[in-house]
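Student: My structure file entry16.cif, mmCIF, C-alpha atoms and all ligand atoms, is below:
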data_upload
#
loop_
_atom_site.label_atom_id
_atom_site.label_comp_id
_atom_site.auth_asym_id
_atom_site.auth_seq_id
_atom_site.Cartn_x
_atom_site.Cartn_y
_atom_site.Cartn_z
CA MET M 1 10.17 -17.96 35.80
CA ARG M 2 13.16 -17.78 38.10
CA HIS M 3 15.31 -14.71 37.80
CA GLU M 4 18.95 -13.80 37.80
CA SER M 5 20.34 -11.25 40.20
CA TYR M 6 21.99 -8.15 38.84
CA GLU M 7 24.58 -6.24 40.80
CA SER M 8 24.53 -3.38 38.37
CA ASP M 9 22.12 -2.12 35.79
CA PRO M 10 23.36 -3.43 32.43
CA MET M 11 21.11 -1.03 30.59
CA SER M 12 23.10 2.04 29.73
CA GLU M 13 20.04 3.99 28.60
CA THR M 14 17.90 5.19 31.45
CA ILE M 15 15.18 7.77 31.38
CA ASP M 16 15.98 11.20 32.78
CA ILE M 17 12.65 12.15 34.31
CA SER M 18 13.68 15.77 34.96
CA VAL M 19 14.33 16.28 31.25
CA LEU M 20 11.11 14.55 30.32
CA LYS M 21 9.04 16.76 32.60
CA SER M 22 10.03 19.81 30.58
CA THR M 23 9.74 18.20 27.16
CA TRP M 24 7.28 15.33 27.37
CA SER M 25 4.67 14.75 24.74
CA SER M 26 3.47 11.54 26.28
CA PRO M 27 -0.03 10.36 25.34
CA LEU M 28 -0.57 9.64 29.04
CA ASP M 29 -0.04 11.64 32.20
CA PRO M 30 3.55 10.94 33.38
CA ALA M 31 2.27 10.83 36.96
CA ALA M 32 0.48 7.57 36.09
CA LEU M 33 3.53 6.20 34.28
CA LEU M 34 6.22 6.79 36.88
CA PRO M 35 4.85 4.00 39.17
CA VAL M 36 5.21 1.60 36.22
CA LEU M 37 8.94 2.41 36.10
CA ALA M 38 9.50 1.67 39.79
CA PRO M 39 11.48 -1.50 40.60
CA ILE M 40 9.54 -4.75 40.69
CA GLY M 41 8.07 -5.10 44.13
CA GLN M 42 6.96 -1.47 44.12
CA ALA M 43 5.96 -1.18 40.46
CA ARG M 44 2.33 -0.84 39.39
CA THR M 45 0.73 -1.91 36.12
CA LEU M 46 -0.15 0.46 33.28
CA PRO M 47 -3.05 2.87 33.67
CA ALA M 48 -6.41 1.98 32.09
CA GLU M 49 -6.08 4.48 29.24
CA ALA M 50 -3.10 2.53 27.89
CA TYR M 51 -5.56 -0.26 27.07
CA THR M 52 -8.72 1.64 26.23
CA SER M 53 -8.02 5.08 24.76
CA ALA M 54 -8.38 5.66 21.01
CA GLU M 55 -5.92 8.54 21.30
CA VAL M 56 -3.26 6.34 22.93
CA HIS M 57 -3.92 3.69 20.27
CA ARG M 58 -3.30 6.20 17.46
CA TRP M 59 -0.15 7.39 19.22
CA GLU M 60 1.11 3.82 19.52
CA LEU M 61 0.48 3.09 15.84
CA ALA M 62 2.55 6.13 14.88
CA ASN M 63 5.33 5.74 17.43
CA PHE M 64 5.54 2.09 18.53
CA PHE M 65 4.64 0.48 15.19
CA GLU M 66 5.52 2.85 12.32
CA GLY M 67 8.47 4.09 14.38
CA SER M 68 9.87 0.63 15.15
CA TRP M 69 10.79 -2.64 13.47
CA VAL M 70 7.70 -4.79 12.95
CA CYS M 71 7.74 -8.39 11.75
CA ALA M 72 5.93 -8.77 8.40
CA GLY M 73 5.98 -12.58 8.18
CA ARG M 74 8.21 -15.30 6.78
CA SER M 75 10.85 -14.63 4.13
CA SER M 76 9.62 -17.73 2.28
CA VAL M 77 6.71 -15.58 1.01
CA LEU M 78 9.34 -13.80 -1.12
CA GLU M 79 11.43 -16.73 -2.26
CA ARG M 80 11.85 -16.02 -5.99
CA SER M 81 12.93 -12.95 -7.88
CA GLY M 82 9.81 -10.92 -8.68
CA ASP M 83 7.84 -12.12 -5.65
CA GLN M 84 5.88 -9.24 -4.14
CA THR M 85 3.60 -8.77 -1.14
CA ALA M 86 2.03 -5.79 0.59
CA VAL M 87 1.71 -5.41 4.35
CA ARG M 88 0.15 -2.86 6.67
CA VAL M 89 2.14 -1.60 9.64
CA GLY M 90 0.38 0.99 11.75
CA THR M 91 -1.39 3.13 9.17
CA GLU M 92 1.26 2.62 6.47
CA GLY M 93 1.21 0.22 3.57
CA ILE M 94 4.56 -1.22 2.54
CA LEU M 95 5.33 -3.17 -0.64
CA LEU M 96 7.96 -5.88 -0.16
CA VAL M 97 9.77 -7.17 -3.22
CA ARG M 98 12.47 -9.74 -4.01
CA ASP M 99 14.56 -8.03 -6.67
CA ALA M 100 16.47 -9.50 -9.61
CA ASP M 101 19.59 -9.99 -7.46
CA GLY M 102 17.69 -11.76 -4.70
CA ALA M 103 17.82 -8.76 -2.36
CA LEU M 104 14.81 -7.75 -0.27
CA ARG M 105 13.47 -4.28 -1.09
CA GLY M 106 10.72 -2.25 0.53
CA PHE M 107 8.72 0.64 -0.93
CA TYR M 108 5.81 2.72 0.27
CA ASN M 109 2.85 1.06 -1.39
CA VAL M 110 1.97 4.25 -3.28
CA CYS M 111 2.08 4.93 -7.01
CA ARG M 112 3.94 8.06 -8.12
CA HIS M 113 1.06 8.97 -10.48
CA ARG M 114 -2.00 9.59 -8.31
CA GLY M 115 -1.29 7.46 -5.28
CA HIS M 116 -3.14 4.21 -5.95
CA GLU M 117 -1.81 1.26 -3.97
CA LEU M 118 0.48 -0.93 -6.04
CA LEU M 119 -0.72 -4.17 -4.47
CA GLU M 120 -3.64 -4.83 -2.17
CA CYS M 121 -2.57 -5.30 1.43
CA GLY M 122 -2.19 -9.02 2.19
CA ALA M 123 -1.97 -9.99 -1.49
CA THR M 124 1.04 -11.65 -3.14
CA THR M 125 2.12 -11.79 -6.77
CA ASN M 126 5.10 -12.59 -8.94
CA ARG M 127 6.04 -10.50 -11.98
CA ARG M 128 9.13 -9.07 -13.57
CA GLY M 129 8.23 -5.56 -12.50
CA ILE M 130 5.80 -3.62 -10.34
CA VAL M 131 2.67 -2.47 -12.14
CA CYS M 132 0.09 -0.10 -10.71
CA PRO M 133 -3.40 -1.56 -11.24
CA TYR M 134 -5.01 1.90 -11.80
CA HIS M 135 -3.37 3.35 -14.99
CA ALA M 136 -0.64 0.72 -15.45
CA TRP M 137 2.41 2.77 -14.61
CA ALA M 138 5.31 0.31 -14.50
CA TYR M 139 8.33 0.19 -12.22
CA GLY M 140 11.35 -2.09 -12.09
CA LEU M 141 11.93 -4.39 -9.12
CA ASP M 142 14.40 -1.70 -8.01
CA GLY M 143 11.50 0.77 -7.86
CA ARG M 144 12.64 2.90 -10.82
CA LEU M 145 9.92 4.22 -13.11
CA ARG M 146 9.96 2.26 -16.38
CA GLY M 147 6.83 3.37 -18.14
CA ALA M 148 3.83 5.68 -17.94
CA PRO M 149 1.35 4.80 -20.74
CA ARG M 150 0.50 7.70 -23.12
CA PHE M 151 2.39 10.15 -20.91
CA ARG M 152 4.59 12.13 -23.30
CA HIS M 153 5.01 15.44 -21.56
CA LEU M 154 7.09 14.41 -18.55
CA THR M 155 10.39 16.25 -18.54
CA SER M 156 13.49 14.20 -17.83
CA THR M 157 13.96 16.17 -14.61
CA ASP M 158 10.46 15.47 -13.27
CA PRO M 159 10.83 13.97 -9.77
CA VAL M 160 8.53 11.05 -10.63
CA HIS M 161 11.51 9.50 -12.41
CA GLU M 162 12.94 8.73 -8.94
CA GLY M 163 10.32 6.01 -8.87
CA LEU M 164 8.91 4.42 -5.74
CA LEU M 165 9.98 5.79 -2.39
CA PRO M 166 12.04 3.22 -0.48
CA ALA M 167 11.07 2.00 2.99
CA ALA M 168 13.43 0.47 5.56
CA VAL M 169 13.33 -3.34 5.58
CA SER M 170 15.40 -6.12 7.07
CA GLU M 171 15.55 -9.90 6.98
CA TRP M 172 16.39 -11.87 10.12
CA HIS M 173 16.55 -15.65 10.64
CA GLY M 174 13.88 -16.24 7.99
CA TRP M 175 11.54 -13.37 8.92
CA LEU M 176 10.83 -10.03 7.20
CA PHE M 177 10.88 -6.76 9.14
CA VAL M 178 9.68 -3.28 8.24
CA ASN M 179 10.29 0.15 9.75
CA PRO M 180 7.78 2.44 7.99
CA SER M 181 9.04 5.73 9.46
CA GLY M 182 12.66 4.98 8.63
CA ALA M 183 13.54 6.61 11.94
CA ALA M 184 14.11 3.51 14.10
CA PRO M 185 17.68 2.66 15.14
CA PRO M 186 19.44 0.07 12.97
CA PHE M 187 17.83 -3.37 13.12
CA ALA M 188 20.91 -4.93 14.75
CA GLN M 189 20.50 -2.49 17.63
CA HIS M 190 16.80 -3.33 17.90
CA VAL M 191 17.44 -7.06 18.35
CA GLY M 192 20.72 -6.75 20.31
CA ASN M 193 21.74 -10.06 21.87
CA LEU M 194 18.47 -11.74 20.86
CA ASP M 195 20.29 -12.48 17.61
CA GLU M 196 22.58 -15.08 19.19
CA LEU M 197 19.86 -16.50 21.46
CA VAL M 198 17.43 -17.12 18.60
CA GLY M 199 20.22 -17.98 16.13
CA ALA M 200 21.10 -21.15 18.05
CA HIS M 201 17.78 -22.68 16.90
CA ARG M 202 18.47 -21.74 13.23
CA PRO M 203 14.86 -20.75 12.46
CA GLU M 204 15.89 -19.63 8.96
CA GLN M 205 16.25 -23.32 8.03
CA LEU M 206 12.78 -24.29 9.22
CA VAL M 207 9.69 -24.91 7.14
CA LEU M 208 6.20 -23.61 7.79
CA GLY M 209 3.97 -26.43 9.03
CA ALA M 210 0.80 -24.66 10.13
CA THR M 211 -0.77 -21.21 10.47
CA HIS M 212 -3.71 -20.20 12.66
CA HIS M 213 -5.43 -16.84 12.82
CA TYR M 214 -7.25 -15.49 15.84
CA GLU M 215 -9.03 -12.26 16.67
CA VAL M 216 -8.98 -11.41 20.36
CA ALA M 217 -11.14 -8.78 22.07
CA ALA M 218 -8.22 -7.35 24.02
CA ASN M 219 -5.57 -4.67 23.64
CA TRP M 220 -2.33 -5.93 22.06
CA LYS M 221 -0.37 -5.18 25.26
CA ILE M 222 -2.63 -7.42 27.33
CA VAL M 223 -1.81 -10.28 24.95
CA VAL M 224 1.94 -9.57 25.18
CA GLU M 225 1.80 -9.26 28.98
CA ASN M 226 -0.03 -12.55 29.25
CA TYR M 227 2.68 -14.19 27.12
CA HIS M 228 5.39 -12.96 29.43
CA GLU M 229 4.30 -14.66 32.64
CA CYS M 230 3.44 -18.14 33.86
CA TYR M 231 2.04 -16.92 37.19
CA HIS M 232 -1.36 -17.73 35.61
CA CYS M 233 -0.35 -21.19 34.37
CA THR M 234 -1.48 -23.23 37.38
CA SER M 235 -4.89 -21.51 37.24
CA ILE M 236 -5.74 -21.80 33.54
CA HIS M 237 -3.28 -24.19 31.80
CA PRO M 238 -3.56 -27.68 33.35
CA GLU M 239 -2.20 -29.32 30.15
CA LEU M 240 0.79 -26.97 30.00
CA CYS M 241 1.65 -27.56 33.66
CA ARG M 242 1.91 -31.29 32.98
CA VAL M 243 4.86 -30.73 30.61
CA THR M 244 6.61 -27.69 32.10
CA PRO M 245 6.91 -26.64 35.76
CA PRO M 246 5.32 -23.17 35.81
CA SER M 247 7.87 -21.76 38.25
CA SER M 248 10.91 -23.02 36.31
CA GLY M 249 13.33 -21.11 34.13
CA ASP M 250 15.38 -17.93 33.97
CA SER M 251 14.98 -14.43 32.63
CA SER M 252 17.54 -13.24 30.09
CA VAL M 253 19.31 -9.89 30.18
CA PRO M 254 18.41 -8.09 26.95
CA THR M 255 20.63 -5.59 25.18
CA GLY M 256 17.94 -4.81 22.59
CA LEU M 257 14.23 -4.08 22.60
CA TRP M 258 13.02 -7.44 23.80
CA VAL M 259 12.09 -9.36 26.92
CA GLY M 260 12.17 -13.07 27.62
CA GLY M 261 13.74 -16.15 29.11
CA SER M 262 13.48 -19.89 29.41
CA MET M 263 11.38 -22.57 31.06
CA ASP M 264 12.31 -26.19 31.71
CA LEU M 265 10.58 -29.31 30.46
CA MET M 266 9.31 -31.91 32.92
CA PRO M 267 11.63 -34.96 33.08
CA HIS M 268 9.18 -37.09 31.06
CA ALA M 269 8.50 -34.41 28.43
CA LYS M 270 10.43 -34.15 25.17
CA THR M 271 8.54 -31.06 24.06
CA MET M 272 5.39 -28.99 24.61
CA SER M 273 2.57 -31.28 23.53
CA ILE M 274 -0.38 -32.81 25.36
CA SER M 275 1.53 -36.04 26.09
CA GLY M 276 4.98 -34.47 26.21
CA GLU M 277 5.96 -36.69 23.27
CA SER M 278 7.32 -35.31 20.00
CA GLN M 279 6.24 -36.51 16.57
CA GLY M 280 9.10 -34.55 14.98
CA VAL M 281 12.88 -34.37 15.24
CA PHE M 282 15.20 -32.18 17.30
CA LEU M 283 16.18 -28.91 15.66
CA PRO M 284 19.68 -29.37 14.22
CA GLY M 285 22.59 -28.05 16.23
CA LEU M 286 20.88 -27.80 19.64
CA ASP M 287 22.99 -28.71 22.66
CA GLU M 288 21.74 -31.04 25.40
CA GLY M 289 20.68 -28.15 27.64
CA SER M 290 18.57 -26.48 24.95
CA ARG M 291 16.84 -29.79 24.23
CA ARG M 292 15.45 -29.68 27.78
CA GLN M 293 14.17 -26.09 27.64
CA VAL M 294 11.66 -23.86 25.90
CA PHE M 295 12.63 -20.23 25.26
CA TYR M 296 10.09 -17.41 25.13
CA TYR M 297 11.09 -14.08 23.62
CA GLY M 298 8.97 -11.03 22.87
CA MET M 299 10.52 -8.56 20.46
CA PHE M 300 9.02 -5.10 20.79
CA PRO M 301 6.38 -4.34 19.83
CA THR M 302 4.50 -7.50 18.82
CA PHE M 303 6.63 -10.42 17.63
CA LEU M 304 6.64 -13.38 20.05
CA ILE M 305 9.05 -16.26 19.39
CA SER M 306 8.77 -19.55 21.30
CA LEU M 307 11.68 -21.91 20.66
CA HIS M 308 11.03 -25.59 21.41
CA PRO M 309 13.48 -28.49 21.04
CA ASP M 310 11.69 -29.69 17.89
CA TYR M 311 9.70 -26.71 16.56
CA VAL M 312 9.43 -22.94 16.66
CA LEU M 313 6.15 -21.19 17.35
CA THR M 314 5.57 -17.50 16.60
CA HIS M 315 2.76 -15.08 17.38
CA ARG M 316 2.50 -11.92 15.25
CA LEU M 317 0.08 -9.39 16.68
CA GLU M 318 -1.69 -6.67 14.73
CA PRO M 319 -3.53 -4.10 16.80
CA LEU M 320 -6.89 -3.36 15.17
CA THR M 321 -8.50 -1.08 17.74
CA PRO M 322 -7.70 -0.31 21.38
CA ASP M 323 -9.62 -3.45 22.38
CA ARG M 324 -9.09 -5.76 19.39
CA THR M 325 -6.02 -7.62 18.19
CA ARG M 326 -5.51 -9.92 15.24
CA ILE M 327 -3.02 -12.71 15.87
CA GLU M 328 -1.21 -14.92 13.39
CA CYS M 329 0.30 -18.05 14.90
CA GLN M 330 2.80 -20.12 12.92
CA TRP M 331 4.50 -23.45 13.63
CA LEU M 332 7.86 -24.12 11.97
CA PHE M 333 9.52 -27.54 11.77
CA PRO M 334 12.79 -28.97 10.43
CA ALA M 335 12.61 -29.96 6.76
CA GLU M 336 13.59 -33.49 7.78
CA ALA M 337 10.35 -33.85 9.75
CA MET M 338 8.16 -32.10 7.17
CA GLU M 339 9.44 -34.38 4.39
CA ARG M 340 8.34 -37.52 6.22
CA PRO M 341 5.12 -38.78 4.58
CA ASP M 342 3.61 -39.67 7.96
CA PHE M 343 4.57 -36.41 9.70
CA ASP M 344 1.62 -34.81 11.47
CA PRO M 345 2.28 -31.41 13.11
CA SER M 346 -0.94 -31.56 15.13
CA TYR M 347 0.90 -32.68 18.31
CA ALA M 348 2.37 -29.16 18.51
CA VAL M 349 -0.49 -27.28 16.84
CA GLU M 350 -3.29 -28.70 18.99
CA PHE M 351 -1.35 -28.17 22.22
CA TRP M 352 -0.76 -24.48 21.53
CA ASP M 353 -4.17 -23.92 19.98
CA LEU M 354 -5.71 -25.14 23.24
CA THR M 355 -3.29 -23.04 25.31
CA ASN M 356 -3.88 -20.00 23.09
CA ARG M 357 -7.63 -20.21 23.55
CA GLN M 358 -7.22 -20.46 27.33
CA ASP M 359 -5.03 -17.36 27.16
CA TRP M 360 -7.39 -15.39 24.91
CA GLN M 361 -10.24 -15.97 27.35
CA ALA M 362 -8.12 -14.55 30.16
CA CYS M 363 -6.97 -11.61 28.01
CA GLU M 364 -10.54 -10.72 27.06
CA SER M 365 -11.56 -10.81 30.70
CA VAL M 366 -8.66 -8.51 31.62
CA GLN M 367 -9.72 -6.13 28.83
CA ARG M 368 -13.22 -5.93 30.31
CA GLY M 369 -11.64 -5.34 33.71
CA VAL M 370 -9.31 -2.51 32.68
CA ALA M 371 -12.26 -0.83 30.94
CA SER M 372 -14.21 -0.73 34.22
CA ARG M 373 -14.33 2.30 36.47
CA GLY M 374 -13.32 -0.17 39.18
CA TYR M 375 -9.83 -0.73 37.69
CA ARG M 376 -6.77 0.63 39.48
CA GLN M 377 -3.09 0.13 38.61
CA GLY M 378 -2.13 -3.09 40.41
CA PRO M 379 1.06 -4.63 41.82
CA LEU M 380 3.11 -7.29 40.04
CA ALA M 381 4.41 -10.58 41.45
CA ILE M 382 8.10 -11.42 41.20
CA GLU M 383 7.08 -14.16 38.76
CA GLU M 384 5.69 -11.38 36.56
CA ASP M 385 9.02 -9.64 36.21
CA ASN M 386 9.03 -10.00 32.42
CA VAL M 387 5.66 -8.24 32.40
CA HIS M 388 7.29 -5.47 34.39
CA GLN M 389 10.17 -5.34 31.91
CA PHE M 390 7.72 -5.07 29.02
CA GLN M 391 5.67 -2.40 30.77
CA THR M 392 8.79 -0.31 31.36
CA MET M 393 9.38 -0.42 27.59
CA VAL M 394 5.83 0.83 27.05
CA ALA M 395 5.80 3.48 29.79
CA GLY M 396 9.36 4.55 28.92
CA GLY M 397 8.31 4.67 25.27
CA TYR M 398 5.34 6.93 26.02
CA LEU M 399 7.67 9.28 27.89
CA GLN M 400 10.50 9.16 25.35
CA GLY M 401 8.24 9.49 22.33
CA GLY M 402 9.25 6.18 20.74
CA PRO M 403 10.36 2.63 21.42
CA ALA M 404 12.39 2.35 24.63
CA ARG M 405 14.59 -0.38 26.04
CA PRO M 406 13.58 -1.93 29.35
CA VAL M 407 14.56 0.64 31.98
CA ALA M 408 16.01 -1.80 34.46
CA PRO M 409 16.14 -5.57 34.60
CA ALA M 410 14.44 -7.18 37.55
CA ARG M 411 16.52 -8.00 40.60
CA ARG M 412 16.08 -11.11 42.62
CA ALA M 413 14.29 -9.44 45.49
CA THR M 414 15.67 -9.71 49.00
CA SER M 415 13.65 -7.10 50.84
CA PRO M 416 10.75 -8.38 52.96
CA SER M 417 8.38 -6.05 51.14
CA VAL M 418 9.08 -7.95 47.93
CA GLU M 419 9.58 -11.45 49.27
CA GLY M 420 6.45 -11.30 51.40
CA SER M 421 4.23 -14.31 50.82
CA PHE M 422 0.83 -12.68 51.10
CA GLY M 423 -1.74 -15.11 49.88
CA ASP M 424 0.47 -18.20 50.10
FE1 LIG J 501 -0.90 4.43 -10.44
FE2 LIG J 501 -2.32 6.06 -11.93
S1 LIG J 501 -2.29 5.93 -9.78
S2 LIG J 501 -0.95 4.55 -12.55
FE FE J 502 -0.84 -18.59 29.19
#
Show me, as structure tokens, the structure contained in the file I just sent.
Ligand code: FES
Ligand code: FE
Tutor:
Amino acid sequence: MRHESYESDPMSETIDISVLKSTWSSPLDPAALLPVLAPIGQARTLPAEAYTSAEVHRWELANFFEGSWVCAGRSSVLERSGDQTAVRVGTEGILLVRDADGALRGFYNVCRHRGHELLECGATTNRRGIVCPYHAWAYGLDGRLRGAPRFRHLTSTDPVHEGLLPAAVSEWHGWLFVNPSGAAPPFAQHVGNLDELVGAHRPEQLVLGATHHYEVAANWKIVVENYHECYHCTSIHPELCRVTPPSSGDSSVPTGLWVGGSMDLMPHAKTMSISGESQGVFLPGLDEGSRRQVFYYGMFPTFLISLHPDYVLTHRLEPLTPDRTRIECQWLFPAEAMERPDFDPSYAVEFWDLTNRQDWQACESVQRGVASRGYRQGPLAIEEDNVHQFQTMVAGGYLQGGPARPVAPARRATSPSVEGSFGD
């Protein structure tokens, strides 16, 4: 990607290292993290433990996942009043419910009786209330306790009458989000100006066309980092390079916890597909410029949104272990295309399934590399500046004790040390 120049740092929040040194509770030695926060050109990648340590993994689940806003899938799963689903974020289970007024509600997936889960994680149901499968305690869709079979000795002041404990949830452009700790900043602050950038493609109006699941033997950050650069495209994505010039595009300046930018389509290409042809229709409302670009955004920690002229692709990552990540990939299309009897989404699905598998191979190789005693923190190319941005969120997050905004956007480098063409 090409990058904009910045005269001043638009990020108002920077990390005060002197304060951190006296208070840090980072899961990693700050001495290994400070090089990650250096400007691109001098910055190094994350230390090996960030990708391999069980202790760091546990810390991330508690602080980067439970302590942040995590995408829990499409809102269409909870279309009707009474629809319910349970999701796992970090180590927490959250019950998501569409209430009688159509509002989204979230509760800890824990019964007030003896703690049984109200719904199995990943399951969906529709009923007029929430019923615990263990002893059939019943709750309203608002979470209030409605009934406890054969339980006559509860006083009216017993705290169980409060019902289910609420969890922070949000709905954004057709996706569900959960913040299990309740301690993350407001969702609007989390997304910042990504709201207007994604909003232009109106993903809330799109219909789910396909879902693929993958399990990759790599740390979740390696998968995100791979998403954020096309420096590798000429080496491993011949099909992708035929429809998009790998060095094209711009990086955006985020005001929230996200990183991303755009890439251009080749003159002959209408979209990202093997032939460059589209079998669908343009997303409604897109201007001429946006019909010639693909936008790639990664919302911290693990929601990747790829906006194409005629479809939207998302990757939702779930970290399983330090070296294993489950990935859900979804393709969304305009209703107008989906309603056509001859519509076949495979032009988009097959292209990205192929590209995904090329990427997973590279990610798994990197995981084996970072786990070797031969790994050292490496330098980043200018083309990898979104990787740098992401890694500053991670390193800054370790030091701050929770999700952090990118410390500084990349500058278009002018110094010889950065512009040097070693290896050209
Ligand atoms: Fe839910 Fe007993 S644990 S009813
Ligand atoms: Fe790739």
Student: Point out the residue among M:Tyr134, M:Tyr398, M:Tyr296, M:Phe390 with the least atom-to-atom distance to ligand LIG 501 (chain J), counting only C-alpha atoms and all ligand atoms.
Tutor: M:Tyr134
Student: Measure the distance from atom CA of Asn219 of chain M to atom CA of Pro301 of chain M in Å and round it to one decimal.
Tutor: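 So the two atoms, atom CA of Asn219 of chain M and atom CA of Pro301 of chain M, lie 12.5 Å apart.
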Student: Residues within 9 Å of Tyr347 of chain M, please, as a list in words. Count all atoms listed in the file; anything in the same chain fewer than 6 positions from it doesn't count.
Tutor: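 Here the answer would be Met272, Ser273, Ile274, Ser275, Glu277, Ser278 and Gln279 of chain M.
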Student: Could you give me the centre and size, in Å to one decimal, of an axis-aligned box around all listed atoms of ligand LIG 501 (chain J) with 8 Å added on every side, as AutoDock Vina command-line options?
Tutor:
--center_x -1.6 --center_y 5.2 --center_z -11.2 --size_x 17.4 --size_y 17.6 --size_z 18.8
Student: Could you check the closest approach to ligand LIG 501 (chain J) for each of M:Gln42, M:Asn109, M:Thr325, M:Asn226 and tell me which residue wins, using only C-alpha atoms and all ligand atoms?
Tutor: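 When distances to ligand LIG 501 (chain J) are compared using only C-alpha atoms and all ligand atoms, the smallest one comes from M:Asn109.
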Student: With a cut-off of 10 Å, could you pull out the residues of chain M touching ligand FE 502 (chain J) and give me the nearest pair of atoms for each, distance in Å to one decimal, using all atoms listed in the file, ordered by chain and ascending number, as a tab-separated table?
Tutor:
residue	atom	partner	partner_atom	distance
M:Val223	CA	J:FE502	FE	9.4
M:Glu225	CA	J:FE502	FE	9.7
M:Asn226	CA	J:FE502	FE	6.1
M:Tyr227	CA	J:FE502	FE	6.0
M:His228	CA	J:FE502	FE	8.4
M:Glu229	CA	J:FE502	FE	7.3
M:Cys230	CA	J:FE502	FE	6.4
M:Tyr231	CA	J:FE502	FE	8.7
M:His232	CA	J:FE502	FE	6.5
M:Cys233	CA	J:FE502	FE	5.8
M:Thr234	CA	J:FE502	FE	9.4
M:Ser235	CA	J:FE502	FE	9.5
M:Ile236	CA	J:FE502	FE	7.3
M:His237	CA	J:FE502	FE	6.6
M:Leu240	CA	J:FE502	FE	8.6
M:Trp352	CA	J:FE502	FE	9.7
M:Thr355	CA	J:FE502	FE	6.4
M:Asn356	CA	J:FE502	FE	7.0
M:Arg357	CA	J:FE502	FE	9.0
M:Gln358	CA	J:FE502	FE	6.9
M:Asp359	CA	J:FE502	FE	4.8
M:Trp360	CA	J:FE502	FE	8.5
M:Gln361	CA	J:FE502	FE	9.9
M:Ala362	CA	J:FE502	FE	8.4
M:Cys363	CA	J:FE502	FE	9.4
Student: Restricting the calculation to all atoms listed in the file: of M:Pro186, M:Pro284, M:Pro245, M:Pro133, which residue gets closest to His268 of chain M?
Tutor: M:Pro245
Student: Please indicate the distance in Å from atom CA of Ala269 of chain M to atom CA of Val243 of chain M, rounded to one decimal place.
Tutor: 5.6 Å
Student: Restricting the calculation to only C-alpha atoms: of M:Pro203, M:Gly276, M:Gly67, M:Gly82, which residue gets closest to Phe351 of chain M?
Tutor: M:Gly276
Student: Quick one: of M:Leu118, M:Ile305, M:Ala32, M:Val224, who's nearest to Trp175 of chain M, counting all atoms listed in the file?
Tutor: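 Nearest candidate to Trp175 of chain M out of M:Leu118, M:Ile305, M:Ala32, M:Val224: M:Ile305.
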Student: Using only C-alpha atoms and all ligand atoms, find each residue with an atom at most 8 Å away from ligand LIG 501 (chain J) and format the answer as JSON, numbers by chain.
Tutor: {"M": [110, 111, 112, 113, 114, 115, 116, 117, 118, 131, 132, 133, 134, 135, 136, 137, 138, 148]}
Student: Can I get segment 28-39 of chain M with N, CA and C atoms filled in, as a PDB file, in the frame of the given file?
Tutor:
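Once written, selection.pdb looks like this:
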ATOM      1  N   LEU M  28       0.016   9.881  27.722  1.00  0.00           N
ATOM      2  CA  LEU M  28      -0.570   9.640  29.040  1.00  0.00           C
ATOM      3  C   LEU M  28       0.120  10.530  30.070  1.00  0.00           C
ATOM      4  N   ASP M  29      -0.590  10.810  31.130  1.00  0.00           N
ATOM      5  CA  ASP M  29      -0.040  11.640  32.200  1.00  0.00           C
ATOM      6  C   ASP M  29       1.181  10.937  32.814  1.00  0.00           C
ATOM      7  N   PRO M  30       2.358  11.572  32.797  1.00  0.00           N
ATOM      8  CA  PRO M  30       3.550  10.940  33.380  1.00  0.00           C
ATOM      9  C   PRO M  30       3.351  10.517  34.827  1.00  0.00           C
ATOM     10  N   ALA M  31       2.484  11.198  35.555  1.00  0.00           N
ATOM     11  CA  ALA M  31       2.270  10.830  36.960  1.00  0.00           C
ATOM     12  C   ALA M  31       1.747   9.399  37.081  1.00  0.00           C
ATOM     13  N   ALA M  32       1.003   8.953  36.066  1.00  0.00           N
ATOM     14  CA  ALA M  32       0.480   7.570  36.090  1.00  0.00           C
ATOM     15  C   ALA M  32       1.505   6.580  35.557  1.00  0.00           C
ATOM     16  N   LEU M  33       2.539   7.092  34.881  1.00  0.00           N
ATOM     17  CA  LEU M  33       3.530   6.200  34.280  1.00  0.00           C
ATOM     18  C   LEU M  33       4.726   5.964  35.189  1.00  0.00           C
ATOM     19  N   LEU M  34       5.036   6.946  36.029  1.00  0.00           N
ATOM     20  CA  LEU M  34       6.220   6.790  36.880  1.00  0.00           C
ATOM     21  C   LEU M  34       6.114   5.563  37.790  1.00  0.00           C
ATOM     22  N   PRO M  35       4.929   5.231  38.352  1.00  0.00           N
ATOM     23  CA  PRO M  35       4.850   4.000  39.170  1.00  0.00           C
ATOM     24  C   PRO M  35       5.144   2.737  38.379  1.00  0.00           C
ATOM     25  N   VAL M  36       4.921   2.767  37.062  1.00  0.00           N
ATOM     26  CA  VAL M  36       5.210   1.600  36.220  1.00  0.00           C
ATOM     27  C   VAL M  36       6.724   1.379  36.143  1.00  0.00           C
ATOM     28  N   LEU M  37       7.479   2.483  36.243  1.00  0.00           N
ATOM     29  CA  LEU M  37       8.940   2.410  36.100  1.00  0.00           C
ATOM     30  C   LEU M  37       9.647   2.100  37.414  1.00  0.00           C
ATOM     31  N   ALA M  38       8.895   2.012  38.499  1.00  0.00           N
ATOM     32  CA  ALA M  38       9.500   1.670  39.790  1.00  0.00           C
ATOM     33  C   ALA M  38      10.016   0.229  39.739  1.00  0.00           C
ATOM     34  N   PRO M  39      10.975  -0.121  40.611  1.00  0.00           N
ATOM     35  CA  PRO M  39      11.480  -1.500  40.600  1.00  0.00           C
ATOM     36  C   PRO M  39      10.370  -2.498  40.926  1.00  0.00           C
TER      37      PRO M  39
END
